[in-house]
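**Q** What follows is final_10.tsv; its format and atoms are TSV, C-alpha atoms and all ligand atoms.
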```tsv
chain	number	residue	atom	x	y	z
A	318	MET	CA	-29.67	35.45	27.05
A	319	THR	CA	-25.93	34.83	26.71
A	320	GLU	CA	-24.44	35.00	23.24
A	321	ALA	CA	-23.40	31.62	21.81
A	322	LYS	CA	-19.67	31.74	21.21
A	323	THR	CA	-18.43	31.03	17.70
A	324	ASP	CA	-16.32	27.89	17.44
A	325	LEU	CA	-13.17	28.92	15.59
A	326	TYR	CA	-12.82	25.44	14.05
A	327	GLY	CA	-16.04	26.00	12.10
A	328	LEU	CA	-14.80	29.13	10.29
A	329	THR	CA	-13.04	29.47	6.97
A	330	LEU	CA	-10.11	31.87	6.88
A	331	ASP	CA	-12.30	34.48	5.18
A	332	GLU	CA	-14.94	34.13	7.90
A	333	LEU	CA	-12.26	34.53	10.55
A	334	ARG	CA	-11.20	37.77	8.87
A	335	LEU	CA	-14.82	38.88	8.87
A	336	LEU	CA	-15.16	38.08	12.57
A	337	LEU	CA	-12.21	40.38	13.27
A	338	ALA	CA	-13.44	43.09	10.91
A	339	ARG	CA	-16.87	43.16	12.55
A	340	ALA	CA	-15.20	43.74	15.90
A	341	GLY	CA	-13.20	46.62	14.47
A	342	LEU	CA	-9.97	44.63	14.67
A	343	ASN	CA	-7.32	44.50	11.97
A	344	THR	CA	-7.94	41.49	9.72
A	345	VAL	CA	-4.21	41.04	9.30
A	346	HIS	CA	-4.23	39.04	12.58
A	347	ALA	CA	-6.39	36.32	11.02
A	348	ALA	CA	-3.39	34.77	9.30
A	349	ARG	CA	-1.53	34.44	12.60
A	350	ILE	CA	-4.52	32.93	14.37
A	351	TRP	CA	-5.02	30.51	11.48
A	352	ASN	CA	-1.37	29.56	11.61
A	353	ARG	CA	-1.51	28.83	15.34
A	354	LEU	CA	-4.74	26.82	14.95
A	355	TYR	CA	-3.68	24.62	12.06
A	356	LEU	CA	0.13	24.62	11.98
A	357	GLY	CA	0.82	25.22	15.67
A	358	LEU	CA	-2.16	22.97	16.52
A	359	ALA	CA	-2.88	25.13	19.58
A	360	ALA	CA	-4.54	23.18	22.38
A	361	ASP	CA	-6.29	26.25	23.80
A	362	MET	CA	-6.50	30.02	23.37
A	363	ASP	CA	-3.20	30.41	25.24
A	364	GLY	CA	-1.59	28.58	22.33
A	365	LEU	CA	-2.42	31.49	20.00
A	366	ASP	CA	0.93	33.11	20.70
A	367	GLY	CA	1.97	36.14	18.74
A	368	VAL	CA	-1.65	37.35	18.53
A	369	PRO	CA	-2.05	40.80	20.14
A	370	GLU	CA	-3.67	40.87	23.55
A	371	ARG	CA	-6.68	42.97	22.49
A	372	VAL	CA	-7.49	40.48	19.72
A	373	LEU	CA	-7.18	37.60	22.18
A	374	ARG	CA	-9.47	39.44	24.61
A	375	HIS	CA	-12.10	39.67	21.92
A	376	LEU	CA	-11.71	36.01	20.97
A	377	ARG	CA	-11.95	34.87	24.59
A	378	ALA	CA	-15.14	36.86	25.04
A	379	HIS	CA	-16.90	35.96	21.78
A	380	ALA	CA	-15.31	32.82	20.40
A	381	ARG	CA	-14.14	29.45	21.60
A	382	LEU	CA	-11.85	26.67	20.52
A	383	GLY	CA	-13.99	23.55	20.35
A	384	ILE	CA	-11.43	21.06	21.58
A	385	LEU	CA	-13.19	17.71	22.07
A	386	PRO	CA	-12.16	16.14	25.39
A	387	VAL	CA	-10.93	12.55	25.27
A	388	ALA	CA	-13.35	10.36	27.21
A	389	ALA	CA	-11.31	7.22	26.53
A	390	HIS	CA	-8.72	5.91	24.17
A	391	ALA	CA	-7.39	2.53	23.21
A	392	GLU	CA	-4.40	1.31	21.27
A	393	SER	CA	-4.40	-1.90	19.25
A	394	SER	CA	-2.01	-4.63	20.38
A	395	ASP	CA	0.09	-4.20	17.21
A	396	GLY	CA	0.42	-0.46	17.96
A	397	PHE	CA	-0.83	0.56	14.51
A	398	THR	CA	-4.26	1.83	15.47
A	399	ARG	CA	-5.42	4.26	18.09
A	400	LYS	CA	-9.07	4.93	18.80
A	401	HIS	CA	-10.37	7.97	20.66
A	402	LEU	CA	-13.75	8.39	22.23
A	403	LEU	CA	-14.33	12.14	22.12
A	404	GLY	CA	-16.95	14.05	24.07
A	405	LEU	CA	-19.18	16.65	22.45
A	406	GLY	CA	-20.54	19.67	24.32
A	407	ASP	CA	-23.99	18.17	24.87
A	408	GLY	CA	-22.82	14.82	26.24
A	409	GLU	CA	-22.92	12.90	22.96
A	410	ARG	CA	-19.77	10.99	22.13
A	411	ILE	CA	-18.08	10.00	18.90
A	412	GLU	CA	-15.15	7.86	17.89
A	413	THR	CA	-12.17	8.93	15.79
A	414	VAL	CA	-9.47	6.52	14.68
A	415	LEU	CA	-5.84	7.02	13.75
A	416	MET	CA	-4.42	4.26	11.55
A	417	ARG	CA	-0.78	3.78	10.64
A	418	PHE	CA	0.12	1.91	7.48
A	419	THR	CA	3.53	1.58	5.89
A	420	GLY	CA	4.40	5.04	4.65
A	421	ARG	CA	1.13	6.74	5.52
A	422	VAL	CA	-1.14	7.71	8.38
A	423	THR	CA	-4.88	8.05	8.01
A	424	ALA	CA	-7.51	9.62	10.24
A	425	CYS	CA	-10.94	8.00	10.14
A	426	ILE	CA	-13.40	10.71	11.06
A	427	SER	CA	-17.04	10.68	12.21
A	428	SER	CA	-19.63	12.85	10.49
A	429	GLN	CA	-22.59	12.16	12.79
A	430	ALA	CA	-23.21	10.89	16.31
A	431	GLY	CA	-24.80	7.54	15.43
A	432	CYS	CA	-26.35	6.96	12.03
A	433	ALA	CA	-29.87	6.81	10.64
A	434	MET	CA	-29.14	4.37	7.82
A	435	GLY	CA	-29.37	1.15	9.81
A	436	CYS	CA	-27.02	-1.10	7.80
A	437	VAL	CA	-27.46	-4.45	9.51
A	438	PHE	CA	-23.76	-5.27	9.97
A	439	CYS	CA	-22.64	-1.88	11.30
A	440	ALA	CA	-22.31	-1.00	15.01
A	441	THR	CA	-23.03	2.69	14.31
A	442	GLY	CA	-26.20	1.72	12.43
A	443	GLN	CA	-27.16	-0.57	15.28
A	444	MET	CA	-26.94	2.30	17.81
A	445	GLY	CA	-29.27	4.53	15.78
A	446	TYR	CA	-29.12	8.23	14.96
A	447	ARG	CA	-28.24	10.79	17.64
A	448	ARG	CA	-27.42	14.00	15.80
A	449	GLN	CA	-25.47	15.78	13.08
A	450	LEU	CA	-21.95	16.96	13.80
A	451	SER	CA	-21.09	20.58	13.06
A	452	ALA	CA	-18.24	21.42	10.70
A	453	ALA	CA	-16.30	22.56	13.78
A	454	GLU	CA	-16.76	19.18	15.46
A	455	ILE	CA	-15.51	17.46	12.31
A	456	VAL	CA	-12.47	19.75	11.95
A	457	SER	CA	-11.72	19.37	15.66
A	458	GLN	CA	-11.41	15.58	15.28
A	459	VAL	CA	-8.81	16.03	12.54
A	460	VAL	CA	-6.87	18.60	14.56
A	461	HIS	CA	-6.93	16.26	17.55
A	462	VAL	CA	-5.36	13.44	15.55
A	463	ALA	CA	-2.87	15.79	13.87
A	464	ARG	CA	-1.79	17.13	17.27
A	465	GLU	CA	-1.29	13.66	18.63
A	466	LEU	CA	0.86	12.77	15.62
A	467	ALA	CA	2.88	15.97	15.79
A	468	ARG	CA	3.59	15.58	19.49
A	469	GLY	CA	4.17	11.82	19.48
A	470	PRO	CA	7.51	10.01	19.69
A	471	GLU	CA	7.90	10.00	15.89
A	472	PRO	CA	6.38	13.33	14.85
A	473	CYS	CA	4.73	13.35	11.45
A	474	ARG	CA	2.03	15.22	9.57
A	475	LEU	CA	-1.44	13.95	8.93
A	476	ARG	CA	-2.14	13.75	5.21
A	477	ASN	CA	-5.08	11.39	4.75
A	478	VAL	CA	-8.61	11.78	6.03
A	479	VAL	CA	-11.43	9.35	5.37
A	480	PHE	CA	-15.05	9.98	6.32
A	481	MET	CA	-15.52	6.36	7.27
A	482	GLY	CA	-16.13	6.76	10.98
A	483	MET	CA	-19.54	7.06	12.60
A	484	GLY	CA	-22.36	8.39	10.45
A	485	GLU	CA	-23.32	8.93	6.84
A	486	PRO	CA	-21.38	11.95	5.53
A	487	LEU	CA	-23.74	12.74	2.67
A	488	HIS	CA	-26.60	12.87	5.19
A	489	ASN	CA	-24.68	15.79	6.71
A	490	TYR	CA	-23.51	17.23	3.40
A	491	ASP	CA	-23.00	20.91	4.19
A	492	ALA	CA	-21.03	20.39	7.40
A	493	VAL	CA	-18.83	17.71	5.83
A	494	MET	CA	-17.99	19.76	2.75
A	495	ARG	CA	-17.38	22.90	4.81
A	496	ALA	CA	-15.02	20.92	7.06
A	497	ALA	CA	-13.23	19.56	3.98
A	498	ASP	CA	-12.80	23.13	2.67
A	499	ILE	CA	-11.37	24.31	6.00
A	500	LEU	CA	-8.97	21.35	6.12
A	501	ARG	CA	-7.83	21.99	2.54
A	502	ASP	CA	-6.90	25.63	3.11
A	503	PRO	CA	-3.31	25.85	1.83
A	504	SER	CA	-2.18	28.12	4.66
A	505	GLY	CA	-3.58	25.79	7.32
A	506	MET	CA	-3.89	22.00	7.47
A	507	SER	CA	-3.38	22.03	3.73
A	508	LEU	CA	-4.80	18.57	3.13
A	509	SER	CA	-4.90	17.62	-0.51
A	510	ALA	CA	-8.43	16.96	-1.84
A	511	ALA	CA	-7.07	13.79	-3.40
A	512	ARG	CA	-6.37	12.53	0.12
A	513	ILE	CA	-9.82	13.21	1.51
A	514	THR	CA	-12.37	10.48	0.85
A	515	VAL	CA	-16.06	10.63	1.60
A	516	SER	CA	-17.68	7.22	1.91
A	517	THR	CA	-21.42	6.99	1.36
A	518	VAL	CA	-24.01	4.30	1.80
A	519	GLY	CA	-25.43	5.56	-1.51
A	520	VAL	CA	-27.23	8.83	-0.84
A	521	VAL	CA	-28.11	9.56	-4.47
A	522	PRO	CA	-28.89	13.30	-4.13
A	523	GLY	CA	-25.58	13.81	-2.30
A	524	ILE	CA	-23.57	12.03	-5.01
A	525	ARG	CA	-25.26	14.12	-7.70
A	526	ARG	CA	-24.64	17.26	-5.71
A	527	MET	CA	-20.94	16.44	-5.38
A	528	ALA	CA	-20.76	16.05	-9.15
A	529	ASP	CA	-22.75	19.20	-9.92
A	530	GLU	CA	-20.79	21.31	-7.43
A	531	ARG	CA	-17.54	19.86	-8.76
A	532	SER	CA	-16.52	18.70	-5.30
A	533	PRO	CA	-12.77	18.09	-5.26
A	534	VAL	CA	-12.84	15.25	-2.71
A	535	HIS	CA	-12.89	11.57	-3.51
A	536	LEU	CA	-15.97	9.40	-3.34
A	537	ALA	CA	-16.34	5.84	-2.11
A	538	VAL	CA	-19.70	4.11	-2.47
A	539	SER	CA	-20.67	1.21	-0.21
A	540	LEU	CA	-22.17	-1.37	-2.54
A	541	HIS	CA	-22.03	-4.78	-0.76
A	542	ALA	CA	-24.48	-6.38	-3.20
A	543	ALA	CA	-25.12	-6.08	-6.92
A	544	THR	CA	-28.85	-6.79	-6.99
A	545	GLN	CA	-31.51	-4.55	-5.49
A	546	ASP	CA	-33.01	-7.25	-3.24
A	547	GLU	CA	-29.72	-8.49	-1.82
A	548	ARG	CA	-28.56	-4.94	-1.25
A	549	ALA	CA	-31.76	-3.80	0.46
A	550	ALA	CA	-31.45	-6.71	2.90
A	551	LEU	CA	-28.06	-5.40	4.08
A	552	VAL	CA	-28.50	-1.67	3.50
A	553	PRO	CA	-32.07	-0.45	4.24
A	554	ALA	CA	-31.26	2.91	2.58
A	555	ALA	CA	-31.30	1.02	-0.73
A	556	ARG	CA	-35.09	1.05	-0.55
A	557	LYS	CA	-35.03	4.83	-0.72
A	558	TRP	CA	-32.23	5.03	-3.27
A	559	PRO	CA	-32.49	1.90	-5.45
A	560	LEU	CA	-29.47	0.36	-7.11
A	561	ASP	CA	-30.28	1.56	-10.65
A	562	GLU	CA	-30.63	5.18	-9.45
A	563	LEU	CA	-27.42	4.79	-7.46
A	564	MET	CA	-25.51	3.52	-10.48
A	565	ASP	CA	-26.90	6.38	-12.63
A	566	ALA	CA	-25.63	8.84	-10.01
A	567	CYS	CA	-22.21	7.12	-9.97
A	568	ARG	CA	-21.97	7.34	-13.76
A	569	HIS	CA	-22.95	11.01	-13.56
A	570	PHE	CA	-20.21	11.57	-10.96
A	571	CYS	CA	-17.47	9.88	-13.02
A	572	ARG	CA	-18.54	11.54	-16.26
A	573	THR	CA	-18.94	15.04	-14.86
A	574	LEU	CA	-15.76	15.07	-12.82
A	575	GLU	CA	-13.75	12.68	-14.99
A	576	ARG	CA	-12.79	11.04	-11.75
A	577	ARG	CA	-12.44	7.50	-10.49
A	578	ILE	CA	-14.88	6.17	-7.94
A	579	PHE	CA	-14.21	3.61	-5.20
A	580	PHE	CA	-16.73	0.88	-4.45
A	581	GLU	CA	-16.67	-0.75	-1.04
A	582	TRP	CA	-17.78	-4.32	-0.61
A	583	THR	CA	-17.95	-5.85	2.84
A	584	LEU	CA	-17.18	-9.55	2.33
A	585	ILE	CA	-19.55	-11.74	4.33
A	586	GLU	CA	-18.85	-15.45	4.16
A	587	GLY	CA	-21.45	-17.36	2.19
A	588	ARG	CA	-23.54	-14.25	1.58
A	589	ASN	CA	-21.89	-12.00	-1.01
A	590	ASP	CA	-18.46	-13.51	-1.61
A	591	SER	CA	-18.91	-16.12	-4.38
A	592	GLU	CA	-17.48	-15.90	-7.87
A	593	LEU	CA	-21.04	-15.31	-9.06
A	594	HIS	CA	-21.23	-12.24	-6.83
A	595	ALA	CA	-17.91	-11.04	-8.20
A	596	ARG	CA	-19.28	-11.42	-11.73
A	597	GLN	CA	-22.43	-9.51	-10.81
A	598	VAL	CA	-20.49	-6.57	-9.41
A	599	GLY	CA	-18.10	-6.72	-12.36
A	600	ARG	CA	-21.00	-6.41	-14.80
A	601	LEU	CA	-22.64	-3.68	-12.72
A	602	ILE	CA	-19.65	-1.36	-12.68
A	603	GLU	CA	-17.91	-2.42	-15.89
A	604	GLY	CA	-17.00	0.64	-17.95
A	605	LEU	CA	-16.71	2.97	-14.97
A	606	PRO	CA	-13.27	4.19	-13.88
A	607	ALA	CA	-13.53	2.27	-10.63
A	608	GLN	CA	-11.61	0.48	-7.94
A	609	VAL	CA	-13.16	-2.03	-5.56
A	610	ASN	CA	-12.19	-2.07	-1.88
A	611	LEU	CA	-13.05	-5.37	-0.28
A	612	ILE	CA	-13.53	-5.28	3.50
A	613	PRO	CA	-13.72	-8.61	5.30
A	614	LEU	CA	-16.63	-8.31	7.75
A	615	ASN	CA	-15.68	-7.04	11.18
A	616	PRO	CA	-17.62	-8.42	14.14
A	617	THR	CA	-20.41	-6.35	15.71
A	618	ALA	CA	-22.84	-7.28	18.49
A	619	GLY	CA	-25.95	-7.10	16.32
A	620	PHE	CA	-24.92	-9.18	13.29
A	621	GLY	CA	-23.95	-12.82	13.23
A	622	GLY	CA	-22.09	-13.22	9.90
A	623	SER	CA	-18.45	-14.21	9.47
A	624	PRO	CA	-15.75	-12.55	7.39
A	625	THR	CA	-14.71	-14.13	4.11
A	626	ARG	CA	-11.41	-15.98	4.47
A	627	GLY	CA	-8.28	-15.35	2.41
A	628	GLU	CA	-8.71	-17.77	-0.52
A	629	ALA	CA	-12.29	-16.74	-1.32
A	630	ALA	CA	-11.30	-13.07	-1.21
A	631	LYS	CA	-8.47	-13.78	-3.66
A	632	ARG	CA	-10.85	-15.64	-6.00
A	633	PHE	CA	-13.22	-12.65	-5.87
A	634	GLN	CA	-10.34	-10.35	-6.79
A	635	ARG	CA	-9.23	-12.64	-9.62
A	636	VAL	CA	-12.68	-12.58	-11.24
A	637	LEU	CA	-12.78	-8.78	-11.05
A	638	ALA	CA	-9.30	-8.44	-12.53
A	639	GLU	CA	-9.32	-11.16	-15.17
A	640	GLU	CA	-12.90	-10.94	-16.43
A	641	PHE	CA	-13.52	-7.20	-16.04
A	642	GLY	CA	-10.12	-5.56	-15.74
A	643	LEU	CA	-11.17	-4.07	-12.42
A	644	PRO	CA	-8.49	-3.29	-9.82
A	645	SER	CA	-9.31	-4.20	-6.23
A	646	THR	CA	-7.69	-4.24	-2.82
A	647	VAL	CA	-8.52	-6.13	0.35
A	648	ARG	CA	-8.54	-3.60	3.14
A	649	GLN	CA	-5.90	-4.32	5.75
A	650	ARG	CA	-7.59	-5.26	9.00
A	651	ARG	CA	-6.65	-2.71	11.58
A	652	GLY	CA	-7.65	-2.29	15.22
A	653	ILE	CA	-10.16	-5.14	15.36
A	654	ASP	CA	-9.02	-6.02	18.90
A	655	ILE	CA	-10.11	-2.56	20.08
A	656	ALA	CA	-13.26	-2.46	17.90
A	657	ALA	CA	-11.79	0.28	15.73
A	658	GLY	CA	-12.32	-1.46	12.38
A	659	CYS	CA	-14.81	-0.45	9.66
A	660	GLY	CA	-18.33	-0.54	11.00
A	661	GLN	CA	-17.28	-1.14	14.60
A	662	LEU	CA	-17.46	2.44	15.86
A	663	ALA	CA	-20.16	3.40	18.32
A	664	ASP	CA	-20.65	5.19	21.59
A	665	PRO	CA	-20.01	2.26	23.94
A	666	SER	CA	-22.65	3.44	26.40
A	667	PRO	CA	-25.37	5.22	24.43
A	668	ARG	CA	-27.87	7.01	26.59
A	669	SER	CA	-31.50	6.30	25.90
A	670	GLY	CA	-34.09	9.03	25.37
A	671	SER	CA	-32.60	12.44	26.21
A	701	LIG	N1	-21.61	5.75	6.31
A	701	LIG	C1	-20.58	5.57	5.37
A	701	LIG	C2	-19.19	5.58	5.97
A	701	LIG	C3	-18.94	4.84	7.25
A	701	LIG	S1	-18.82	3.11	7.21
A	701	LIG	C4	-20.80	4.33	4.55
A	701	LIG	O1	-21.62	3.51	4.93
A	701	LIG	O2	-20.18	4.21	3.51
A	701	LIG	C5	-17.31	2.77	6.33
A	701	LIG	C6	-17.37	1.44	5.59
A	701	LIG	O3	-17.41	0.32	6.49
A	701	LIG	C7	-18.59	1.29	4.69
A	701	LIG	O4	-18.25	0.75	3.44
A	701	LIG	C8	-19.43	0.30	5.47
A	701	LIG	O5	-20.37	-0.37	4.68
A	701	LIG	C9	-18.38	-0.60	6.04
A	701	LIG	N2	-18.83	-1.42	7.16
A	701	LIG	C10	-19.85	-1.19	8.02
A	701	LIG	N3	-19.92	-2.18	8.94
A	701	LIG	C11	-18.94	-3.05	8.66
A	701	LIG	C12	-18.48	-4.25	9.26
A	701	LIG	N4	-19.07	-4.76	10.34
A	701	LIG	N5	-17.42	-4.88	8.71
A	701	LIG	C13	-16.80	-4.37	7.63
A	701	LIG	N6	-17.17	-3.23	7.02
A	701	LIG	C14	-18.23	-2.57	7.53
A	702	LIG	FE1	-24.39	4.35	8.70
A	702	LIG	FE2	-22.34	3.72	7.10
A	702	LIG	FE3	-22.88	2.26	9.28
A	702	LIG	FE4	-24.52	2.16	7.19
A	702	LIG	S1	-22.38	1.47	7.25
A	702	LIG	S2	-25.15	2.36	9.32
A	702	LIG	S3	-24.43	4.28	6.48
A	702	LIG	S4	-22.23	4.38	9.24
```
Produce structure tokens that represent the structure in this file.
Ligand code: SAH
Ligand code: SF4

**A**
Amino acid sequence: MTEAKTDLYGLTLDELRLLLARAGLNTVHAARIWNRLYLGLAADMDGLDGVPERVLRHLRAHARLGILPVAAHAESSDGFTRKHLLGLGDGERIETVLMRFTGRVTACISSQAGCAMGCVFCATGQMGYRRQLSAAEIVSQVVHVARELARGPEPCRLRNVVFMGMGEPLHNYDAVMRAADILRDPSGMSLSAARITVSTVGVVPGIRRMADERSPVHLAVSLHAATQDERAALVPAARKWPLDELMDACRHFCRTLERRIFFEWTLIEGRNDSELHARQVGRLIEGLPAQVNLIPLNPTAGFGGSPTRGEAAKRFQRVLAEEFGLPSTVRQRRGIDIAAGCGQLADPSPRSGS
């Protein structure tokens, strides 16, 4: 049996040192390798320049650099959004999106191939669950986007990462948090925890675990409805983790970490966008240090609803602000023409069975 090679993107700096030590190599070289991986953004082992040949020989024989090949990419007509379809080793494919806003660039990263949660308005949910991503596959997406930015016409550094691509990050907790740790390493990508956001459909044990482990990354919770029945109709996972348990977990998170929480609310015309709905969500989260992110529904093949139009969204915001003192934003629509918006990511040609 051939030995499975270790993917360098899945290792922390300490584990990289250990890998060298176990091979009888000087651990001092780990810093150089780390530098070439995350500051040099090496595109292959040849990019690990300055690393002694005998160390490279060992790495080539026992490790690999899990670069994810680009199966396709698309750029939105306004030039602000770029979507990549990346291939995984076993033929699965995931999407990763780079979004440019004024003054910042954000990578929207996938945590799973597909998703098991089945939210009715989400293309990833509609395609079903394929598999978990490894920490290396998550880190590799970020490095891919960072490399593209660094080598583009206006080079800049990636500073913001949101786990809002394909999949439910708290259903793949360990890999997601390990990837976040690797990306935060101050001698590597050096992403600030405050600029990493994990968005969850409401996996209660995961939210509690983040609080209890004092996770440094930010949390966004997809609410979409403020009563159990309305929520369960949009988000089947609400049957497993009911709204009252979810809100308890959110309070626990804010209290334990003394940190703000983001609530996401996909605005569907005539369904969850009235002033009454705004009052319901206001009452539900009143007292929490919270911000509401409103996301006008993006079209997907399997769901017929329409997005809430401008005036109704503004009314919703006014109720939150004036009656509950709750700040809110309407998420800028980005990349809808290339199906790169929230909830639009999927493998465009999912294979059946296999
Ligand atoms: N699984 C995580 C993160 C990925 S989805 C989660 O559900 O939170 C990122 C956000 O997009 C979530 O708030 C999700 O509810 C929302 N979303 C899904 N489908 C959408 C659609 N068609 N239009 C607008 N937002 C959508
Ligand atoms: Fe999964 Fe999030 Fe899509 Fe729901 S909205 S199906 S949890 S990716």

**Q** Using only C-alpha atoms, find each residue of region 448-534 of chain A with at least one atom at most 10 Å away from an atom of region 322-336 of chain A; report its shortest atom-to-atom pair and that distance in Å (one decimal), sort the rows by chain and rising residue number, and return the result as a tab-separated table.

**A**
```
residue	atom	partner	partner_atom	distance
A:Ser451	CA	A:Gly327	CA	7.5
A:Ala452	CA	A:Gly327	CA	5.3
A:Ala453	CA	A:Gly327	CA	3.8
A:Glu454	CA	A:Tyr326	CA	7.5
A:Ile455	CA	A:Gly327	CA	8.6
A:Val456	CA	A:Tyr326	CA	6.1
A:Ser457	CA	A:Tyr326	CA	6.4
A:Val460	CA	A:Tyr326	CA	9.1
A:Ala492	CA	A:Gly327	CA	8.9
A:Arg495	CA	A:Gly327	CA	8.0
A:Ala496	CA	A:Gly327	CA	7.2
A:Asp498	CA	A:Thr329	CA	7.7
A:Ile499	CA	A:Thr329	CA	5.5
A:Leu500	CA	A:Thr329	CA	9.1
A:Asp502	CA	A:Leu330	CA	8.0
A:Ser504	CA	A:Leu330	CA	9.0
A:Gly505	CA	A:Leu330	CA	8.9
```

**Q** Mind giving me the straight-line distance from CA of Glu603 (chain A) to CA of Ser539 (chain A) in Å, one decimal?

**A**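 We find that CA of Glu603 (chain A) and CA of Ser539 (chain A) lie 16.3 Å from each other.
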
**Q** Write out, as CSV, each residue of chain A that has an atom at most 6 Å from ligand LIG 702 (chain A), together with the closest pair of atoms and their distance in Å to one decimal, counting all atoms listed in the file, rows going by chain and rising number.

**A**
```
residue,atom,partner,partner_atom,distance
A:Cys432,CA,A:LIG702,FE1,4.7
A:Met434,CA,A:LIG702,S2,4.7
A:Gly435,CA,A:LIG702,S2,4.4
A:Cys436,CA,A:LIG702,FE4,4.2
A:Cys439,CA,A:LIG702,FE3,4.6
A:Thr441,CA,A:LIG702,FE3,5.1
A:Gly442,CA,A:LIG702,S2,3.3
A:Met483,CA,A:LIG702,S4,5.1
A:Gly484,CA,A:LIG702,S4,4.2
A:Glu485,CA,A:LIG702,S3,4.8
A:Val518,CA,A:LIG702,S3,4.7
A:Gly660,CA,A:LIG702,FE3,5.6
```

**Q** What's the 10 Å shell around Glu392 (chain A), counting only C-alpha atoms, without same-chain residues fewer than 6 positions away, as an NGL selection string?

**A** :A and (398-401 or 414-415 or 652 or 654-655 or 657)

**Q** Compute the set of protein, DNA and RNA residues whose minimum atom distance to ligand LIG 701 (chain A) is at most 8 Å, using all atoms listed in the file, and state it as a PyMOL selection string.

**A** chain A and resi 427+432+434+436-441+480-486+515-519+537-541+581-584+612-617+620+624+658-661

**Q** How would region 343-364 of chain A look written as a CSV table (one decimal), in the first residue's frame with C-alpha atoms?

**A**
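Contents of result18.csv, as written:
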```csv
chain,number,residue,atom,x,y,z
A,343,ASN,CA,16.1,20.6,11.2
A,344,THR,CA,12.8,22.2,12.3
A,345,VAL,CA,14.3,25.6,11.6
A,346,HIS,CA,13.3,25.1,7.9
A,347,ALA,CA,9.6,25.1,8.8
A,348,ALA,CA,9.5,28.9,9.1
A,349,ARG,CA,10.9,29.2,5.5
A,350,ILE,CA,8.4,26.7,4.1
A,351,TRP,CA,5.6,28.4,6.0
A,352,ASN,CA,6.7,31.8,4.6
A,353,ARG,CA,6.7,30.4,1.0
A,354,LEU,CA,3.3,28.8,1.4
A,355,TYR,CA,1.5,31.7,2.9
A,356,LEU,CA,3.4,34.9,2.0
A,357,GLY,CA,5.0,33.7,-1.2
A,358,LEU,CA,1.8,31.9,-2.1
A,359,ALA,CA,3.8,29.2,-3.8
A,360,ALA,CA,1.9,27.5,-6.6
A,361,ASP,CA,3.8,24.2,-6.3
A,362,MET,CA,6.7,22.7,-4.5
A,363,ASP,CA,9.1,24.5,-6.9
A,364,GLY,CA,7.9,27.7,-5.3
```
